[in-house]
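Student: To start, I am sharing the structure in question, which I have written as structure tokens.
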Amino acid sequence: MRTLLAATAISLALSSFSYAQVREDREPEADTGKTEKQAFVSKDYMVVTANPYASWAGKNIIEKGGSAIDAAVAIQAMLTLVEPQSSGIGGGAFILYWDNENKKLHTFDGRETAPQSATPYIFIEDGKPMRWLDAVVGGKAVGVPGVLKALEMAHKEFGELAWRDLFEDAINTSRQGFTVSPRLERLLKLDIHPGLNNFVTSQNYFKPNGKPLSAGKNLQNNILANTFLQIAHKGSDYFYKGELATKIAEATRLATINSGFMTADDLANYEAKKREPICGDYRGKKICGMAPPSSGGISVYQILKALEQFELNKYGPQSEEFVHLFTQSSALAFADRNQYIADTDFTNLPAVSLINSSYLNQRAEKVGLKLPFGKAEAGKPYMNVSVGKDRSPELPSTSHFSIVDKKGNAVSMTTSIEFMFGSGIMVEGFLLNNQLTDFSLAPSNGGTQALNRVEANKRPRSSMSPTMLFDEKGNLELIIGSPGGSRIINYVAQTIINVVDFDMDIQEAINSPRITNRNDYTALEKGTDLESLQKSLEERGHNVRLLDLNSGLHGIQLVDGKLIGGADPRREGVAVGK
């Protein structure tokens, strides 16, 4: 009875929030204002993250002689503490690593996996798919975390400092406490995630005495400090095997809301993977991103290639012409994404077919200034393949950071726990993800199976889009990525266009008003000059909405021996370096 009442309370709270806050657009994190930011220039190295504590943790590692991947480990540990709503060791990540000496790009897949006992029907109740609002909280949606394994895999190959030394800042700050940011306070006061009110450990940490944490408060997390200390000395085995693994699995199975089915064996058997990057040319540059289960590498590139036929620099970045073309190309990319992109270890469909030149040329024919805007249909990149459409809202509450170390090695890493504050379940000082809701909640549609359906040990599709851009000679030129749910793809593609086509520096490109279309409606960033385009775009067939588009772009541009860092004014990140 208690479980039923708690589940009902969650459904009512989320439903009430959805209507009261007009959340049909399902933004992963609420708007928390803007802070004007200027480009930061350095020469030796650069770190740009979503939180000042994390940026300084990365800087400290590089100052000690660490590599970009060493810094990434320290940054992720610190973000687990100071930005718990967005990412942490209880979640997953995609990592791009540029080995500057050997001029080679490596990618690491630390995406979560479905437990061994998961079936395509875990989100089906009474013969119907659960509402996302009902599925998102509790144990059922928790995937086996992967970020720590991926970082350890990358560190073994490219680390310079000892693993145990990479957690010192996070351990010390956990013990001494950090200053709660206005953003964290704001997100807690909005009371969007009822799991924080229903799971005792989470409630006691985030809402002591029943009141949300206040900005400026010094917040300690001694339990997390001990977790980091054990991981530092015992490696990821401490997380994936033994007592902690048992606690993680039990927390999902014994959850009072949406109990799950993860076991300690699921954690012990988790493996991070190295994958070949998705790369292609755009205006003489080489664009590289993650392969599936990320949809970022493919979808960002599809958007760019559909626009390559146009001299975009003839139009302004906030012109009606550009917005019309950009949203058309985006709608086409999302139509393909929603139908064909999933974990290729299970689909047996080659991802490169979606970026084949002849196929991209066919898709590009559907983009033009004189064409009215309309909902796009998925193309046919595969012969004799029939798949169902996907039902996955995908709302990663996510973080991105970019790094260049003293030797020119670089990291572009996007990391997530899914919905803001993840599943709401806290274990040993950190939150667990709810990434399994990134699978299609319905395993089939119209009698055909969705490629992105739940299957045992499968990785859910993601829009996380860590990206690197190289010049004509193969030199690294740009590192970029963002949080923002499925809108990440648009945020990254638009920022690349701003740099390449509109000749902006990275900070200008990030500051620029955001535009998105996920083959649904055209969203223009509220409170910007784009608002004036609403009427003319609607006359072209667009369904236009003015929204707070909460990107969190963090990038580094390499120009003439200088490093230029850009941090999104929509969030609290900073660029640091020397």
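Here's how to read the names in the structure tokens: chain A, B, ... by the order shown, residue numbers from 1 in each chain, ligand numbers from 1 in the order shown.
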Taking the DSSP assignment computed from this structure's backbone, write out as an NGL selection string all residues of stretch 71-155 of chain A that belong to helix (DSSP H, G or I).
Tutor: :A and (71-82 or 132-135 or 147-155)
Student: Give me a file of those residues, with C-alpha atoms, as a PDB file, in the first residue's frame.
Tutor:
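Listed below is the output, selection.pdb:
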```pdb
ATOM      1  CA  ALA A  71      42.117  15.573 -15.857  1.00  0.00           C
ATOM      2  CA  ALA A  72      38.889  13.983 -17.101  1.00  0.00           C
ATOM      3  CA  VAL A  73      38.935  11.475 -14.229  1.00  0.00           C
ATOM      4  CA  ALA A  74      39.385  14.259 -11.664  1.00  0.00           C
ATOM      5  CA  ILE A  75      36.683  16.387 -13.305  1.00  0.00           C
ATOM      6  CA  GLN A  76      34.106  13.586 -13.357  1.00  0.00           C
ATOM      7  CA  ALA A  77      34.761  12.830  -9.692  1.00  0.00           C
ATOM      8  CA  MET A  78      34.256  16.479  -8.789  1.00  0.00           C
ATOM      9  CA  LEU A  79      31.099  16.813 -10.910  1.00  0.00           C
ATOM     10  CA  THR A  80      29.648  13.828  -9.054  1.00  0.00           C
ATOM     11  CA  LEU A  81      29.884  15.959  -5.916  1.00  0.00           C
ATOM     12  CA  VAL A  82      29.088  19.512  -7.057  1.00  0.00           C
ATOM     13  CA  TRP A 132       7.471   8.308 -19.108  1.00  0.00           C
ATOM     14  CA  LEU A 133       6.318  10.194 -16.020  1.00  0.00           C
ATOM     15  CA  ASP A 134       5.633   6.887 -14.293  1.00  0.00           C
ATOM     16  CA  ALA A 135       8.737   5.041 -15.495  1.00  0.00           C
ATOM     17  CA  VAL A 147      31.436   6.043 -16.827  1.00  0.00           C
ATOM     18  CA  LEU A 148      34.012   4.800 -14.317  1.00  0.00           C
ATOM     19  CA  LYS A 149      34.943   1.774 -16.444  1.00  0.00           C
ATOM     20  CA  ALA A 150      35.351   3.936 -19.545  1.00  0.00           C
ATOM     21  CA  LEU A 151      37.569   6.417 -17.722  1.00  0.00           C
ATOM     22  CA  GLU A 152      39.695   3.629 -16.300  1.00  0.00           C
ATOM     23  CA  MET A 153      40.056   2.026 -19.742  1.00  0.00           C
ATOM     24  CA  ALA A 154      41.175   5.336 -21.249  1.00  0.00           C
ATOM     25  CA  HIS A 155      43.487   6.070 -18.307  1.00  0.00           C
TER      26      HIS A 155
END
```
Student: When you look at A:Gly66 with a cut-off of 6 Å (counting only C-alpha atoms), what residues show up, excluding the ones that are within fewer than 4 positions of it in the same chain? I need them as a ChimeraX atom specification.
Tutor: /A:61-62,70,160-161
Student: Would you pick out the contacts of A:Leu213 at 7 Å or less, using only C-alpha atoms, so that residues sharing its chain but fewer than 3 positions from it are not included, and give the list as a short mmCIF file (atom, residue, chain, number, x, y, z; two decimals) with N, CA and C atoms, in the first residue's frame?
Tutor:
```cif
data_model
loop_
_atom_site.label_atom_id
_atom_site.label_comp_id
_atom_site.auth_asym_id
_atom_site.auth_seq_id
_atom_site.Cartn_x
_atom_site.Cartn_y
_atom_site.Cartn_z
N GLU A 185 20.44 25.13 -6.08
CA GLU A 185 19.34 25.58 -5.24
C GLU A 185 18.06 25.72 -6.07
N PHE A 206 19.57 16.20 0.13
CA PHE A 206 19.20 17.36 -0.68
C PHE A 206 18.17 18.27 0.00
N LYS A 207 17.42 17.71 0.93
CA LYS A 207 16.37 18.51 1.59
C LYS A 207 16.40 18.26 3.10
#
```
Student: With only C-alpha atoms as the basis for distance, which of A:Thr201, A:Ser353, A:Gln435, A:Ser462 is at the shortest distance from A:Ile278?
Tutor: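 Among A:Thr201, A:Ser353, A:Gln435, A:Ser462, it is A:Ser353 that comes nearest to A:Ile278.
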Student: Here is a test: counting only C-alpha atoms, which residue of A:Ile564, A:His233, A:Tyr53, A:Pro277 is nearest to A:Thr467?
Tutor: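 Closest to A:Thr467 of all the choices is A:Pro277.
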Student: Check stretch 486-534 of chain A with DSSP on the backbone and list each residue it calls strand (DSSP E or B), as a ChimeraX atom specification.
Tutor: /A:515-517,522-525
Student: Please provide as a short mmCIF file (atom, residue, chain, number, x, y, z; two decimals) with N, CA and C atoms, in the first residue's frame all residues within 10 Å of stretch 333-339 of chain A, with the sequence filter that same-chain residues fewer than 3 positions apart are discarded (counting only C-alpha atoms).
Tutor:
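This is the output file selection18.cif:
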```cif
data_model
loop_
_atom_site.label_atom_id
_atom_site.label_comp_id
_atom_site.auth_asym_id
_atom_site.auth_seq_id
_atom_site.Cartn_x
_atom_site.Cartn_y
_atom_site.Cartn_z
N SER A 294 25.47 6.19 -29.48
CA SER A 294 25.28 7.63 -29.61
C SER A 294 24.68 7.92 -30.98
N SER A 295 23.69 8.79 -31.02
CA SER A 295 23.18 9.24 -32.31
C SER A 295 23.87 10.53 -32.74
N GLY A 296 24.73 11.07 -31.86
CA GLY A 296 25.35 12.35 -32.12
C GLY A 296 26.24 12.39 -33.33
N ILE A 298 26.38 10.58 -36.04
CA ILE A 298 25.67 10.46 -37.30
C ILE A 298 24.76 11.66 -37.54
N SER A 299 23.95 12.02 -36.55
CA SER A 299 22.94 13.05 -36.77
C SER A 299 23.53 14.44 -36.96
N VAL A 300 24.56 14.78 -36.18
CA VAL A 300 25.23 16.07 -36.38
C VAL A 300 25.79 16.15 -37.80
N TYR A 301 26.42 15.06 -38.24
CA TYR A 301 27.02 15.06 -39.58
C TYR A 301 25.95 15.13 -40.66
N GLN A 302 24.83 14.43 -40.47
CA GLN A 302 23.75 14.51 -41.46
C GLN A 302 23.24 15.94 -41.62
N ILE A 303 23.09 16.64 -40.50
CA ILE A 303 22.63 18.03 -40.57
C ILE A 303 23.60 18.89 -41.36
N LEU A 304 24.88 18.75 -41.04
CA LEU A 304 25.89 19.56 -41.72
C LEU A 304 25.93 19.27 -43.23
N ALA A 306 23.66 18.11 -45.24
CA ALA A 306 22.49 18.59 -45.96
C ALA A 306 22.57 20.08 -46.24
N THR A 327 16.51 24.00 -39.81
CA THR A 327 15.48 23.16 -39.21
C THR A 327 14.99 22.07 -40.17
N GLN A 328 15.01 22.35 -41.46
CA GLN A 328 14.68 21.30 -42.43
C GLN A 328 15.69 20.15 -42.35
N SER A 329 16.97 20.51 -42.36
CA SER A 329 18.01 19.47 -42.32
C SER A 329 17.96 18.71 -41.00
N SER A 330 17.63 19.42 -39.92
CA SER A 330 17.54 18.76 -38.63
C SER A 330 16.36 17.79 -38.58
N ALA A 342 20.46 2.80 -33.05
CA ALA A 342 20.39 2.04 -31.81
C ALA A 342 21.75 1.37 -31.63
N LEU A 354 24.12 5.35 -43.03
CA LEU A 354 23.39 6.59 -42.80
C LEU A 354 24.18 7.83 -43.19
N ARG A 363 19.02 12.79 -49.40
CA ARG A 363 18.36 13.49 -48.30
C ARG A 363 18.48 15.00 -48.47
N LYS A 375 6.72 17.84 -41.78
CA LYS A 375 7.28 16.72 -41.02
C LYS A 375 8.00 15.77 -41.98
N ALA A 376 9.23 15.40 -41.63
CA ALA A 376 10.06 14.57 -42.50
C ALA A 376 9.79 13.09 -42.26
N GLU A 377 9.93 12.31 -43.30
CA GLU A 377 9.87 10.85 -43.19
C GLU A 377 11.28 10.29 -43.19
N ALA A 378 11.46 9.19 -42.49
CA ALA A 378 12.77 8.54 -42.50
C ALA A 378 13.10 8.07 -43.91
N GLY A 379 14.38 8.09 -44.26
CA GLY A 379 14.81 7.61 -45.56
C GLY A 379 14.90 6.09 -45.58
N LYS A 380 15.54 5.58 -46.63
CA LYS A 380 15.70 4.13 -46.78
C LYS A 380 17.17 3.81 -47.03
N PRO A 381 17.99 3.92 -45.98
CA PRO A 381 19.41 3.65 -46.14
C PRO A 381 19.73 2.16 -46.21
N SER A 386 12.66 -3.44 -42.34
CA SER A 386 11.46 -2.81 -41.80
C SER A 386 11.58 -2.75 -40.29
N VAL A 387 11.53 -1.55 -39.73
CA VAL A 387 11.65 -1.39 -38.29
C VAL A 387 10.56 -0.45 -37.79
N GLY A 388 10.19 -0.61 -36.52
CA GLY A 388 9.16 0.22 -35.93
C GLY A 388 9.70 1.55 -35.46
N LYS A 389 8.83 2.54 -35.37
CA LYS A 389 9.23 3.85 -34.87
C LYS A 389 9.44 3.79 -33.37
N ASP A 390 10.30 4.67 -32.90
CA ASP A 390 10.74 4.66 -31.51
C ASP A 390 9.83 5.52 -30.64
N ARG A 391 9.65 5.09 -29.38
CA ARG A 391 8.94 5.93 -28.40
C ARG A 391 9.87 6.11 -27.21
N SER A 392 10.75 7.09 -27.35
CA SER A 392 11.71 7.38 -26.29
C SER A 392 11.85 8.89 -26.16
N SER A 440 13.18 2.64 -26.23
CA SER A 440 11.80 2.82 -26.61
C SER A 440 10.91 2.16 -25.55
N ALA A 450 10.93 -2.01 -32.71
CA ALA A 450 11.80 -0.83 -32.68
C ALA A 450 13.23 -1.29 -32.46
N LEU A 451 14.14 -0.73 -33.22
CA LEU A 451 15.55 -1.10 -33.04
C LEU A 451 16.06 -0.74 -31.65
N ASN A 452 15.53 0.35 -31.10
CA ASN A 452 15.99 0.82 -29.79
C ASN A 452 15.12 0.28 -28.65
N ARG A 461 20.00 4.08 -26.85
CA ARG A 461 20.43 5.16 -27.73
C ARG A 461 20.58 6.45 -26.94
N SER A 463 21.66 10.87 -27.32
CA SER A 463 21.96 12.04 -28.16
C SER A 463 23.25 12.73 -27.76
N SER A 486 17.67 15.43 -26.25
CA SER A 486 17.78 15.20 -27.69
C SER A 486 18.13 16.48 -28.45
N ILE A 489 21.97 17.49 -30.22
CA ILE A 489 22.38 17.37 -31.63
C ILE A 489 22.29 18.72 -32.32
N ASN A 490 21.20 19.43 -32.12
CA ASN A 490 21.05 20.77 -32.71
C ASN A 490 22.04 21.76 -32.14
N ASN A 517 14.97 21.79 -33.99
CA ASN A 517 13.81 21.10 -34.53
C ASN A 517 14.13 19.61 -34.55
N ARG A 518 13.33 18.83 -33.83
CA ARG A 518 13.54 17.39 -33.72
C ARG A 518 12.50 16.63 -34.54
N ASN A 519 12.17 17.21 -35.68
CA ASN A 519 11.10 16.69 -36.54
C ASN A 519 9.76 16.77 -35.83
N ASP A 520 9.64 17.84 -35.01
CA ASP A 520 8.38 18.06 -34.32
C ASP A 520 7.91 19.51 -34.50
#
```
Student: What are the nearest atom pairs, with distances in Å to one decimal, for all residues of stretch 70-102 of chain A that come at most 10 Å from stretch 269-272 of chain A, using only C-alpha atoms, set out by chain and rising residue number as a Markdown table?
Tutor:
```
| residue | atom | partner | partner_atom | distance |
| --- | --- | --- | --- | --- |
| A:Gly92 | CA | A:Ala272 | CA | 9.9 |
| A:Ala93 | CA | A:Ala272 | CA | 9.9 |
| A:Phe94 | CA | A:Ala272 | CA | 10.0 |
```
Student: Give me the residues near stretch 539-546 of chain A as a ChimeraX atom specification, where near means some atom within 12 Å (using only C-alpha atoms) and where sequence neighbours in that chain fewer than 6 positions away do not count.
Tutor: /A:22,24-25,320-321,323-325,327-328,331,368-375,513-533
